Amino acid sequence: MAGEYSRELSAKVFAGQCRLIEMGFRQGGPAGFGLRRVLVDESGSVKGELKRGEHKSLQTDRVILMPGPDEEVAWVNKMYRWLIEEDLSFREIADRLNGEGVTTDLDRPWTSGTVRTVLTNEKYIGNNVYNRSSFKLEKLHVDNPPEMWVRKEGAFEGIVPLEFFLTAQEIITARSARLSDEELMDHLKRLYADAGQLSGVLIDQTPDMPSSSAYRNRFGSLARAYGMIGYRSDRDQERIALNKRLRGMHPEIIARTEAAIAEVGGTVARDPKTDLLTINDEMVVSLVLARCQPQGDGRLRWRIRFDPMRYQADVTLAVRLDPDNRDELDYYLLPWLDLPRQEIRLCIRTSIAFEAFRFEDLGFFYGMAERVGIRRKWGG
């Protein structure tokens with residue numbers, strides 16, 4: 001029964017997301033430089049712009065994208081012209097923008113990575129695209145072939161001419177000669193030898209250096225790439241101390257969860273060896289903590305990690321902690337069918353793939369465990 005629930009939950013969430021994408025609604029994530037998120041009601045009437053960090057409050061409301069300020073739109077088109085007409089690299093475009101005092105939509109300096117996003121994302125020509133990657137079938141961020149993408153062309157008002165966008169993609173593809181692992185490591189070793197330290201910001205700001213995202217994508221994380229060349233930072237010791245404190249938080253949250261389920265009439269049994277919770281003798285739940293990992297450039301990242309024992313669970317309840325790793329920020333209820341082999345990575349704004357699994361509180365989860373009495377009428 002629990003396995004079937006997990007399967008149905010996964011299928012329903014995915015189908016719902018696809019339907020909303022095809023209707024032209026945006027499911028999650030920031031709008032991006034040059035664009036703005038706008039809230040519309042169930043009839044399609046505009047209710048107003050959503051500011052950074054704001055979310056819709058009514059279930060029937062939806063979010064669409066609209067062109068941002070004229071000045072930002074002009075800068076976006078300049079970026080495309082610099083690439084097409086002057087053959088500038090991402091790094092050179094970022095330097096020009098920073099030299100002009102232009103910041104990203106998050107009020108940060110431009111990097112090669114943020115420039116690449118503007119020059120490759122179809123939302124700038126008004127397309128709504130979903131399912132370009134997935135983490136189903138125990139794979140970690142698998143790139144799906146184009147025939148699996150869910151696309152709504154012309155969902156929004158584009159701010160870049162189609163011919164600009166298509167030409168830019170041709171140029172970028174032609175440049176994308178793939179570096180080997182050894183070449184990436186050589187670049188990293190030289191930077192470490194020159195600077196005496198490493199960080200994502202330093203990597204992205206160094207001319208002729210592959211982007212920090214290239215290392216994350218290839219090796220799983222910057223820390224893992226650093227370890228491959230023998231680099232260890234002072235933060236490693238801080239991380240050890242933090243992990244010790246988090247290990248103390250885990251049993252406290254489990255105990256609170258057990259008590260809350262009991263209050264709504266459910267039964268819960270905890271395996272002392274694995275901490276897996278069996279609810280109402282039907283569903284096995286794994287509870288994991290996702291600690292915040294601040295990046296060198298000020299961005300916040302979270303990882304929801306799994307171990308092989310978690311695959312005995314039908315559903316994983318992930319508790320995402322606040323930036324100080326002291327309080328609970330929000331919660332993710334993840335069916336086992338959608339779990340990757342090792343981890344899920346999140347940023348401050350959840351992606352479309354995870355937004356439907358996110359909850360502000362545990363009311364929905366506790367409701368799954370609630371037992372409701374049924375009165376039967378017997379005819380005479």
# chains A, B, ... in the order shown; residues from 1 in each chain; ligands from 1
$ residues_around --residues "A:Asp330" --least-positions-apart "2" --cutoff "12 Å" --atoms "only C-alpha atoms" --output "PyMOL selection string"
chain A and resi 289-292+302+317-323+327-328+332-333+348-350+355+357-363
$ write_last_selection --atoms "C-alpha atoms" --output "compact mmCIF listing (two decimals), in the first residue's frame"
# COMPACT_ATOMS: atom_id res chain seq x y z
CA LEU A 289 18.28 16.68 7.95
CA ALA A 290 19.50 18.95 5.15
CA ARG A 291 21.99 21.43 6.58
CA CYS A 292 22.69 24.78 4.95
CA TRP A 302 21.46 22.45 0.80
CA LEU A 317 10.81 13.36 5.07
CA ALA A 318 13.65 15.86 4.62
CA VAL A 319 13.95 18.75 7.07
CA ARG A 320 15.74 21.72 5.52
CA LEU A 321 17.51 23.84 8.13
CA ASP A 322 17.88 27.62 8.18
CA PRO A 323 21.13 29.37 7.17
CA ASP A 327 16.00 25.94 13.20
CA GLU A 328 13.80 24.21 10.64
CA TYR A 332 10.21 17.99 1.67
CA LEU A 333 8.09 14.86 1.37
CA ILE A 348 17.36 29.16 -1.68
CA ARG A 349 14.69 29.02 -4.40
CA THR A 350 13.60 25.49 -5.07
CA GLU A 355 8.63 22.73 -5.44
CA PHE A 357 7.22 18.28 -2.75
CA ARG A 358 7.95 21.25 -0.45
CA PHE A 359 5.79 22.15 2.57
CA GLU A 360 5.98 25.07 4.97
CA ASP A 361 4.95 22.88 7.91
CA LEU A 362 4.28 19.23 8.70
CA GLY A 363 0.50 19.48 8.78
$ select_by_dssp --residues "stretch 190-293 of chain A" --states "helix (DSSP H, G or I)" --output "PyMOL selection string"
chain A and resi 190-195+200-205+212-219+222-228+235-263
$ closest_residue --among "A:Glu163, A:Asp281, A:Asp314, A:Asp181" --to "A:Arg81" --atoms "only C-alpha atoms"
A:Glu163
$ atom_distance --atom1 "atom CA of A:Leu106" --atom2 "atom CA of A:Leu35"
12.2 Å
$ select_by_dssp --residues "stretch 206-325 of chain A" --states "strand (DSSP E)" --output "VMD selection string"
chain A and resid 268 to 270 277 to 279 283 to 290 292 to 294 300 to 305 315 to 321
$ closest_residue --among "A:Gly158, A:Leu166, A:Pro67, A:Ala31" --to "A:Thr104" --atoms "only C-alpha atoms"
A:Ala31
$ residues_around --residues "A:Arg91" --least-positions-apart "5" --cutoff "12 Å" --atoms "only C-alpha atoms" --output "list in words"
Met79, Trp82, Leu83, Arg96, Leu97, Asn98, Pro109, Trp110, Thr111, Ser112, Gly113, Thr114, Val115, Arg116, Ile203, Asp204, Gln205, Thr206, Pro207, Asp208, Met209, Pro210 and Ser211 of chain A
$ closest_residue --among "A:Leu119, A:Leu334, A:Ala223, A:Met368" --to "A:Gln169" --atoms "only C-alpha atoms"
A:Leu119
$ residues_around --residues "stretch 244-260 of chain A" --least-positions-apart "6" --cutoff "8 Å" --atoms "only C-alpha atoms" --output "list in words"
Val268, Leu287, Val288, Leu289 and Tyr366 of chain A
$ closest_residue --among "A:Arg326, A:Arg299, A:Arg190, A:Arg62" --to "A:Asp107" --atoms "only C-alpha atoms"
A:Arg299
$ closest_residue --among "A:Phe365, A:Ser286, A:Glu370, A:Leu300" --to "A:Cys347" --atoms "only C-alpha atoms"
A:Leu300
